[in-house]
Amino acid sequence: MDKLRITGGTELHGSLDISGAKNSALKLMAASLLTAHPVTLTNMPNLADTRFLSQLLSVLGVEVYWPNGTNECRLNAETLSSTIAPYDQVRKMRASFNVLGPMLARYGHATVSLPGGCAIGARPVDLHLKALSAMGADLLVEGGYVKAAAIHGLKSARIVFPFVSVGATEHAMLAATLAKGTTILENAAQEPEIADLATCLNKMGADVSGAGTSTVTINGVESLSGAQHAVMPDRIEAGTFAMAAAAAGGDVTLQGVPVASLLALNDALLEAGVEVDADIEASTLRIRRGQTPLRAVNINTQPYPGFPTDLQAQFMALMALAKGTSIIRETIFENRFMHAPELSRLGADIAVRGQEAVINGVSQLYGAEVMATDLRASVSLVIAGLAASGVTDVNRIYHLDRGFERLEEKLTACGANIVRLDGAEG
Ligand code: EPZ
């Protein structure tokens, strides 16, 4: 199995381009199932997860044109050969579950495997199912599959989510575009990726308003057309590189950043003593840190616009090096501290108590062999490895390949000493 070998202790200097957002791209790809016309997505991140979803779409009969190494993907779902998404495809990546609503809305039936839990928590899909059921879908959960039917089409509904869910908001929005009448989603998630999805759907002829606020209104239409849409830039990738620069020290400018969507992180970085120059117009974020020690900062993860759970592990790596004690509370997922014991292998002093991690900053981390069990946890180890003295080997990097495009190349361009070793080496 491949690993990354990082020789740490080098400052990062230079500039980095931010790729398209994985978590937006996946839902935009699912949107292609709503129409018989081609949807072309530009700024598509070349990632294991997006490639994986394109394979599932092919299995369903979508014509996928996405040459290797390119960032433009054309999806044509003129006719589907199947409306069944099998276990193997959905189990490996939860976002695959979001093909259910679009197929149901367009064809009146779909069968999709339940995704099951994952390393960061149980992650049920009850809110997705309640939303589809409120829109008139008959749902039968049997043998690990959701069999959904709406013979006369989906109908409008007023859906009040009991708590905020990104996936359920997107799923309901996708399905409601072709439902009869006006669907209103309340207590909707406000993540920027939801607004990106709405923009693309509206280009396809949908009538969605309010996306990005807590109330989303969707006036259903008869059918949707094709569209071309540029995937929004990845705020989580940008935030990750910002913290890599803050942890290793140096001066890095991130280009093509959705700056306005990173305010919670920027505040936390400023409080930690990192110099942050955010330019919303130029879409750049410049991160500088010299010899000044980092200060400890407490954070709680929250739905957008709060501090994102997808940046929590990276922030913990940073706080491992801060002066003082910081407390990180994870409020979104019940098991998202798996990076803590691995960071401790590098010399961090972290105690996990339920949903809270207490980090006593140390003045130095030391390289070691580590591994991680999910995407963001893995990249937190990369950040720690960049700041640590000596050599850090990060194992199981297939997690990283799910969500970071050309990670080593981008970091190397800023002076990092990071190489990929195949399983046989090292
Ligand atoms: C999305 O997951 C992202 N994934 C996650 O990113 C991200 O961490 C999460 O939103 C929160 O921002 C994608 O967009 C592909 P939720 P999602 O529904 O939609 C519970 C990454 O690393 N819940 O907002 O699955 C759920 O268990 C990934 O890129 C229910 O109980 O997250 C969680 O505790 C990881 N029932 C909370 O709600 C439901 O029906 C929020 O989950 C749905 C969710």
# chains A, B, ... in the order shown; residues from 1 in each chain; ligands from 1
$ select_by_dssp --residues "region 86-329 of chain A" --states "strand (DSSP E)" --output "ChimeraX atom specification"
/A:109-113,138-142,145-149,158-160,182-186,207-209,215-219,227-230,250-255,275-279,284-289,294-295,299-300,322-323,325-329
$ residues_near_ligand --ligand "ligand 1" --cutoff "9 Å" --atoms "only C-alpha atoms and all ligand atoms" --output "ChimeraX atom specification"
/A:22-27,93-96,117,120-130,163-170,189,191,193,236,302-304,308-311,331-334,374-377,402-403
$ residues_around --residues "Ser156 (chain A)" --least-positions-apart "6" --cutoff "6 Å" --atoms "only C-alpha atoms" --output "mmCIF file with all heavy atoms, in the first residue's frame"
data_model
loop_
_atom_site.group_PDB
_atom_site.id
_atom_site.type_symbol
_atom_site.label_atom_id
_atom_site.label_comp_id
_atom_site.auth_asym_id
_atom_site.auth_seq_id
_atom_site.Cartn_x
_atom_site.Cartn_y
_atom_site.Cartn_z
ATOM 1 N N MET A 135 -42.562 13.902 0.128
ATOM 2 C CA MET A 135 -42.868 14.288 -1.263
ATOM 3 C C MET A 135 -43.680 13.205 -1.980
ATOM 4 O O MET A 135 -43.812 13.225 -3.199
ATOM 5 C CB MET A 135 -41.567 14.556 -2.029
ATOM 6 C CG MET A 135 -40.938 15.887 -1.677
ATOM 7 S SD MET A 135 -39.505 16.174 -2.746
ATOM 8 C CE MET A 135 -38.230 16.122 -1.554
ATOM 9 N N ALA A 179 -40.668 17.828 -8.810
ATOM 10 C CA ALA A 179 -41.933 17.506 -8.125
ATOM 11 C C ALA A 179 -43.015 18.505 -8.550
ATOM 12 O O ALA A 179 -42.709 19.615 -8.983
ATOM 13 C CB ALA A 179 -41.724 17.568 -6.617
ATOM 14 N N LYS A 180 -44.272 18.087 -8.398
ATOM 15 C CA LYS A 180 -45.376 19.006 -8.752
ATOM 16 C C LYS A 180 -45.570 20.009 -7.622
ATOM 17 O O LYS A 180 -45.733 19.615 -6.469
ATOM 18 C CB LYS A 180 -46.675 18.213 -8.925
ATOM 19 C CG LYS A 180 -46.709 17.411 -10.205
ATOM 20 C CD LYS A 180 -48.063 16.722 -10.392
ATOM 21 C CE LYS A 180 -47.951 15.582 -11.387
ATOM 22 N NZ LYS A 180 -47.367 14.352 -10.825
ATOM 23 N N GLY A 181 -45.526 21.292 -7.937
ATOM 24 C CA GLY A 181 -45.808 22.307 -6.926
ATOM 25 C C GLY A 181 -44.556 22.828 -6.228
ATOM 26 O O GLY A 181 -43.427 22.584 -6.668
ATOM 27 N N THR A 182 -44.791 23.535 -5.136
ATOM 28 C CA THR A 182 -43.706 24.251 -4.445
ATOM 29 C C THR A 182 -43.291 23.523 -3.171
ATOM 30 O O THR A 182 -44.110 23.327 -2.272
ATOM 31 C CB THR A 182 -44.180 25.673 -4.085
ATOM 32 O OG1 THR A 182 -44.526 26.330 -5.308
ATOM 33 C CG2 THR A 182 -43.089 26.467 -3.374
ATOM 34 N N THR A 183 -42.037 23.156 -3.119
ATOM 35 C CA THR A 183 -41.506 22.486 -1.920
ATOM 36 C C THR A 183 -40.696 23.500 -1.117
ATOM 37 O O THR A 183 -39.901 24.255 -1.688
ATOM 38 C CB THR A 183 -40.621 21.285 -2.337
ATOM 39 O OG1 THR A 183 -41.454 20.349 -3.029
ATOM 40 C CG2 THR A 183 -39.989 20.602 -1.123
#
$ closest_residue --among "A:Gly14, A:Gly367, A:Pro115, A:Gly136" --to "Leu285 (chain A)" --atoms "only C-alpha atoms"
A:Gly14
$ residues_around --residues "Pro293 (chain A)" --least-positions-apart "6" --cutoff "10 Å" --atoms "only C-alpha atoms" --output "PyMOL selection string"
chain A and resi 247+249+272-274+321-323+363
$ write_last_selection --atoms "all heavy atoms" --output "PDB file, in the first residue's frame"
ATOM      1  N   ALA A 247       1.130  25.785  10.343  1.00  0.00           N
ATOM      2  CA  ALA A 247       1.838  24.823  11.198  1.00  0.00           C
ATOM      3  C   ALA A 247       3.335  24.783  10.856  1.00  0.00           C
ATOM      4  O   ALA A 247       4.192  24.792  11.749  1.00  0.00           O
ATOM      5  CB  ALA A 247       1.224  23.434  11.042  1.00  0.00           C
ATOM      6  N   GLY A 249       4.980  27.070   9.174  1.00  0.00           N
ATOM      7  CA  GLY A 249       5.557  28.416   9.105  1.00  0.00           C
ATOM      8  C   GLY A 249       5.852  28.766   7.652  1.00  0.00           C
ATOM      9  O   GLY A 249       5.839  27.902   6.763  1.00  0.00           O
ATOM     10  N   ALA A 272      -5.157  32.561  16.787  1.00  0.00           N
ATOM     11  CA  ALA A 272      -3.984  31.722  17.093  1.00  0.00           C
ATOM     12  C   ALA A 272      -2.672  32.462  16.813  1.00  0.00           C
ATOM     13  O   ALA A 272      -1.590  31.924  17.052  1.00  0.00           O
ATOM     14  CB  ALA A 272      -4.049  30.438  16.285  1.00  0.00           C
ATOM     15  N   GLY A 273      -2.788  33.668  16.253  1.00  0.00           N
ATOM     16  CA  GLY A 273      -1.579  34.453  16.007  1.00  0.00           C
ATOM     17  C   GLY A 273      -1.006  34.279  14.615  1.00  0.00           C
ATOM     18  O   GLY A 273       0.117  34.709  14.336  1.00  0.00           O
ATOM     19  N   VAL A 274      -1.787  33.703  13.714  1.00  0.00           N
ATOM     20  CA  VAL A 274      -1.335  33.537  12.334  1.00  0.00           C
ATOM     21  C   VAL A 274      -1.708  34.803  11.560  1.00  0.00           C
ATOM     22  O   VAL A 274      -2.774  35.376  11.793  1.00  0.00           O
ATOM     23  CB  VAL A 274      -2.035  32.301  11.691  1.00  0.00           C
ATOM     24  CG1 VAL A 274      -1.614  32.119  10.243  1.00  0.00           C
ATOM     25  CG2 VAL A 274      -1.753  31.050  12.509  1.00  0.00           C
ATOM     26  N   LEU A 321       0.667  22.296  18.445  1.00  0.00           N
ATOM     27  CA  LEU A 321       1.907  23.076  18.528  1.00  0.00           C
ATOM     28  C   LEU A 321       1.717  24.449  19.165  1.00  0.00           C
ATOM     29  O   LEU A 321       2.629  25.279  19.150  1.00  0.00           O
ATOM     30  CB  LEU A 321       2.469  23.252  17.111  1.00  0.00           C
ATOM     31  CG  LEU A 321       3.127  21.998  16.526  1.00  0.00           C
ATOM     32  CD1 LEU A 321       3.252  22.109  15.017  1.00  0.00           C
ATOM     33  CD2 LEU A 321       4.491  21.772  17.178  1.00  0.00           C
ATOM     34  N   ALA A 322       0.504  24.694  19.675  1.00  0.00           N
ATOM     35  CA  ALA A 322       0.234  26.032  20.232  1.00  0.00           C
ATOM     36  C   ALA A 322       0.698  26.125  21.678  1.00  0.00           C
ATOM     37  O   ALA A 322       0.832  25.127  22.370  1.00  0.00           O
ATOM     38  CB  ALA A 322      -1.262  26.321  20.144  1.00  0.00           C
ATOM     39  N   LYS A 323       0.892  27.352  22.102  1.00  0.00           N
ATOM     40  CA  LYS A 323       1.286  27.582  23.505  1.00  0.00           C
ATOM     41  C   LYS A 323       0.010  27.610  24.342  1.00  0.00           C
ATOM     42  O   LYS A 323      -0.883  28.422  24.082  1.00  0.00           O
ATOM     43  CB  LYS A 323       1.997  28.936  23.577  1.00  0.00           C
ATOM     44  CG  LYS A 323       2.849  29.142  24.793  1.00  0.00           C
ATOM     45  CD  LYS A 323       3.728  30.367  24.524  1.00  0.00           C
ATOM     46  CE  LYS A 323       4.646  30.755  25.613  1.00  0.00           C
ATOM     47  NZ  LYS A 323       4.446  30.338  26.919  1.00  0.00           N
ATOM     48  N   SER A 363       6.129  22.180  22.244  1.00  0.00           N
ATOM     49  CA  SER A 363       6.926  23.095  21.423  1.00  0.00           C
ATOM     50  C   SER A 363       7.460  22.402  20.166  1.00  0.00           C
ATOM     51  O   SER A 363       7.849  23.065  19.204  1.00  0.00           O
ATOM     52  CB  SER A 363       8.088  23.660  22.240  1.00  0.00           C
ATOM     53  OG  SER A 363       8.833  22.589  22.754  1.00  0.00           O
TER      54      SER A 363
END
$ residues_around --residues "Ser15 (chain A)" --least-positions-apart "5" --cutoff "9 Å" --atoms "only C-alpha atoms" --output "ChimeraX atom specification"
/A:251-255,286,410,413-414
$ atom_distance --atom1 "CA of Ile159 (chain A)" --atom2 "CA of Ala175 (chain A)"
12.6 Å
$ decode --residues "region 320-331 of chain A" --atoms "all heavy atoms" --output "PDB file, in the first residue's frame"
ATOM      1  N   ALA A 320      -1.819  21.318  18.348  1.00  0.00           N
ATOM      2  CA  ALA A 320      -0.831  20.460  19.022  1.00  0.00           C
ATOM      3  C   ALA A 320       0.460  21.243  19.253  1.00  0.00           C
ATOM      4  O   ALA A 320       1.229  20.934  20.161  1.00  0.00           O
ATOM      5  CB  ALA A 320      -0.568  19.222  18.172  1.00  0.00           C
ATOM      6  N   LEU A 321       0.667  22.296  18.445  1.00  0.00           N
ATOM      7  CA  LEU A 321       1.907  23.076  18.528  1.00  0.00           C
ATOM      8  C   LEU A 321       1.717  24.449  19.165  1.00  0.00           C
ATOM      9  O   LEU A 321       2.629  25.279  19.150  1.00  0.00           O
ATOM     10  CB  LEU A 321       2.469  23.252  17.111  1.00  0.00           C
ATOM     11  CG  LEU A 321       3.127  21.998  16.526  1.00  0.00           C
ATOM     12  CD1 LEU A 321       3.252  22.109  15.017  1.00  0.00           C
ATOM     13  CD2 LEU A 321       4.491  21.772  17.178  1.00  0.00           C
ATOM     14  N   ALA A 322       0.504  24.694  19.675  1.00  0.00           N
ATOM     15  CA  ALA A 322       0.234  26.032  20.232  1.00  0.00           C
ATOM     16  C   ALA A 322       0.698  26.125  21.678  1.00  0.00           C
ATOM     17  O   ALA A 322       0.832  25.127  22.370  1.00  0.00           O
ATOM     18  CB  ALA A 322      -1.262  26.321  20.144  1.00  0.00           C
ATOM     19  N   LYS A 323       0.892  27.352  22.102  1.00  0.00           N
ATOM     20  CA  LYS A 323       1.286  27.582  23.505  1.00  0.00           C
ATOM     21  C   LYS A 323       0.010  27.610  24.342  1.00  0.00           C
ATOM     22  O   LYS A 323      -0.883  28.422  24.082  1.00  0.00           O
ATOM     23  CB  LYS A 323       1.997  28.936  23.577  1.00  0.00           C
ATOM     24  CG  LYS A 323       2.849  29.142  24.793  1.00  0.00           C
ATOM     25  CD  LYS A 323       3.728  30.367  24.524  1.00  0.00           C
ATOM     26  CE  LYS A 323       4.646  30.755  25.613  1.00  0.00           C
ATOM     27  NZ  LYS A 323       4.446  30.338  26.919  1.00  0.00           N
ATOM     28  N   GLY A 324      -0.116  26.692  25.265  1.00  0.00           N
ATOM     29  CA  GLY A 324      -1.317  26.662  26.107  1.00  0.00           C
ATOM     30  C   GLY A 324      -2.213  25.472  25.777  1.00  0.00           C
ATOM     31  O   GLY A 324      -1.834  24.581  25.020  1.00  0.00           O
ATOM     32  N   THR A 325      -3.405  25.524  26.372  1.00  0.00           N
ATOM     33  CA  THR A 325      -4.334  24.383  26.243  1.00  0.00           C
ATOM     34  C   THR A 325      -5.539  24.797  25.408  1.00  0.00           C
ATOM     35  O   THR A 325      -6.176  25.817  25.684  1.00  0.00           O
ATOM     36  CB  THR A 325      -4.816  23.948  27.647  1.00  0.00           C
ATOM     37  OG1 THR A 325      -3.651  23.568  28.394  1.00  0.00           O
ATOM     38  CG2 THR A 325      -5.775  22.778  27.576  1.00  0.00           C
ATOM     39  N   SER A 326      -5.861  24.005  24.406  1.00  0.00           N
ATOM     40  CA  SER A 326      -7.070  24.311  23.634  1.00  0.00           C
ATOM     41  C   SER A 326      -8.051  23.150  23.750  1.00  0.00           C
ATOM     42  O   SER A 326      -7.650  21.998  23.950  1.00  0.00           O
ATOM     43  CB  SER A 326      -6.730  24.575  22.170  1.00  0.00           C
ATOM     44  OG  SER A 326      -5.880  23.590  21.690  1.00  0.00           O
ATOM     45  N   ILE A 327      -9.324  23.512  23.610  1.00  0.00           N
ATOM     46  CA  ILE A 327     -10.374  22.485  23.681  1.00  0.00           C
ATOM     47  C   ILE A 327     -11.139  22.502  22.364  1.00  0.00           C
ATOM     48  O   ILE A 327     -11.600  23.552  21.908  1.00  0.00           O
ATOM     49  CB  ILE A 327     -11.331  22.759  24.862  1.00  0.00           C
ATOM     50  CG1 ILE A 327     -10.528  22.647  26.172  1.00  0.00           C
ATOM     51  CG2 ILE A 327     -12.496  21.771  24.866  1.00  0.00           C
ATOM     52  CD1 ILE A 327     -11.302  22.989  27.415  1.00  0.00           C
ATOM     53  N   ILE A 328     -11.229  21.334  21.765  1.00  0.00           N
ATOM     54  CA  ILE A 328     -11.974  21.198  20.505  1.00  0.00           C
ATOM     55  C   ILE A 328     -13.187  20.320  20.771  1.00  0.00           C
ATOM     56  O   ILE A 328     -13.053  19.195  21.271  1.00  0.00           O
ATOM     57  CB  ILE A 328     -11.076  20.562  19.409  1.00  0.00           C
ATOM     58  CG1 ILE A 328      -9.910  21.500  19.082  1.00  0.00           C
ATOM     59  CG2 ILE A 328     -11.896  20.243  18.163  1.00  0.00           C
ATOM     60  CD1 ILE A 328      -8.992  21.008  17.981  1.00  0.00           C
ATOM     61  N   ARG A 329     -14.371  20.867  20.461  1.00  0.00           N
ATOM     62  CA  ARG A 329     -15.599  20.059  20.611  1.00  0.00           C
ATOM     63  C   ARG A 329     -16.122  19.710  19.241  1.00  0.00           C
ATOM     64  O   ARG A 329     -16.328  20.576  18.392  1.00  0.00           O
ATOM     65  CB  ARG A 329     -16.675  20.850  21.367  1.00  0.00           C
ATOM     66  CG  ARG A 329     -16.418  20.916  22.847  1.00  0.00           C
ATOM     67  CD  ARG A 329     -17.661  21.349  23.611  1.00  0.00           C
ATOM     68  NE  ARG A 329     -18.664  20.302  23.641  1.00  0.00           N
ATOM     69  CZ  ARG A 329     -19.938  20.464  23.283  1.00  0.00           C
ATOM     70  NH1 ARG A 329     -20.376  21.620  22.854  1.00  0.00           N
ATOM     71  NH2 ARG A 329     -20.788  19.466  23.359  1.00  0.00           N
ATOM     72  N   GLU A 330     -16.344  18.416  19.025  1.00  0.00           N
ATOM     73  CA  GLU A 330     -16.894  17.954  17.748  1.00  0.00           C
ATOM     74  C   GLU A 330     -18.379  17.717  17.955  1.00  0.00           C
ATOM     75  O   GLU A 330     -18.773  16.832  18.723  1.00  0.00           O
ATOM     76  CB  GLU A 330     -16.171  16.670  17.311  1.00  0.00           C
ATOM     77  CG  GLU A 330     -16.772  15.945  16.121  1.00  0.00           C
ATOM     78  CD  GLU A 330     -16.873  16.782  14.856  1.00  0.00           C
ATOM     79  OE1 GLU A 330     -15.855  17.314  14.400  1.00  0.00           O
ATOM     80  OE2 GLU A 330     -18.002  16.903  14.328  1.00  0.00           O
ATOM     81  N   THR A 331     -19.207  18.522  17.295  1.00  0.00           N
ATOM     82  CA  THR A 331     -20.657  18.406  17.545  1.00  0.00           C
ATOM     83  C   THR A 331     -21.399  17.746  16.385  1.00  0.00           C
ATOM     84  O   THR A 331     -22.603  17.512  16.484  1.00  0.00           O
ATOM     85  CB  THR A 331     -21.291  19.791  17.811  1.00  0.00           C
ATOM     86  OG1 THR A 331     -21.361  20.501  16.571  1.00  0.00           O
ATOM     87  CG2 THR A 331     -20.523  20.609  18.825  1.00  0.00           C
TER      88      THR A 331
END
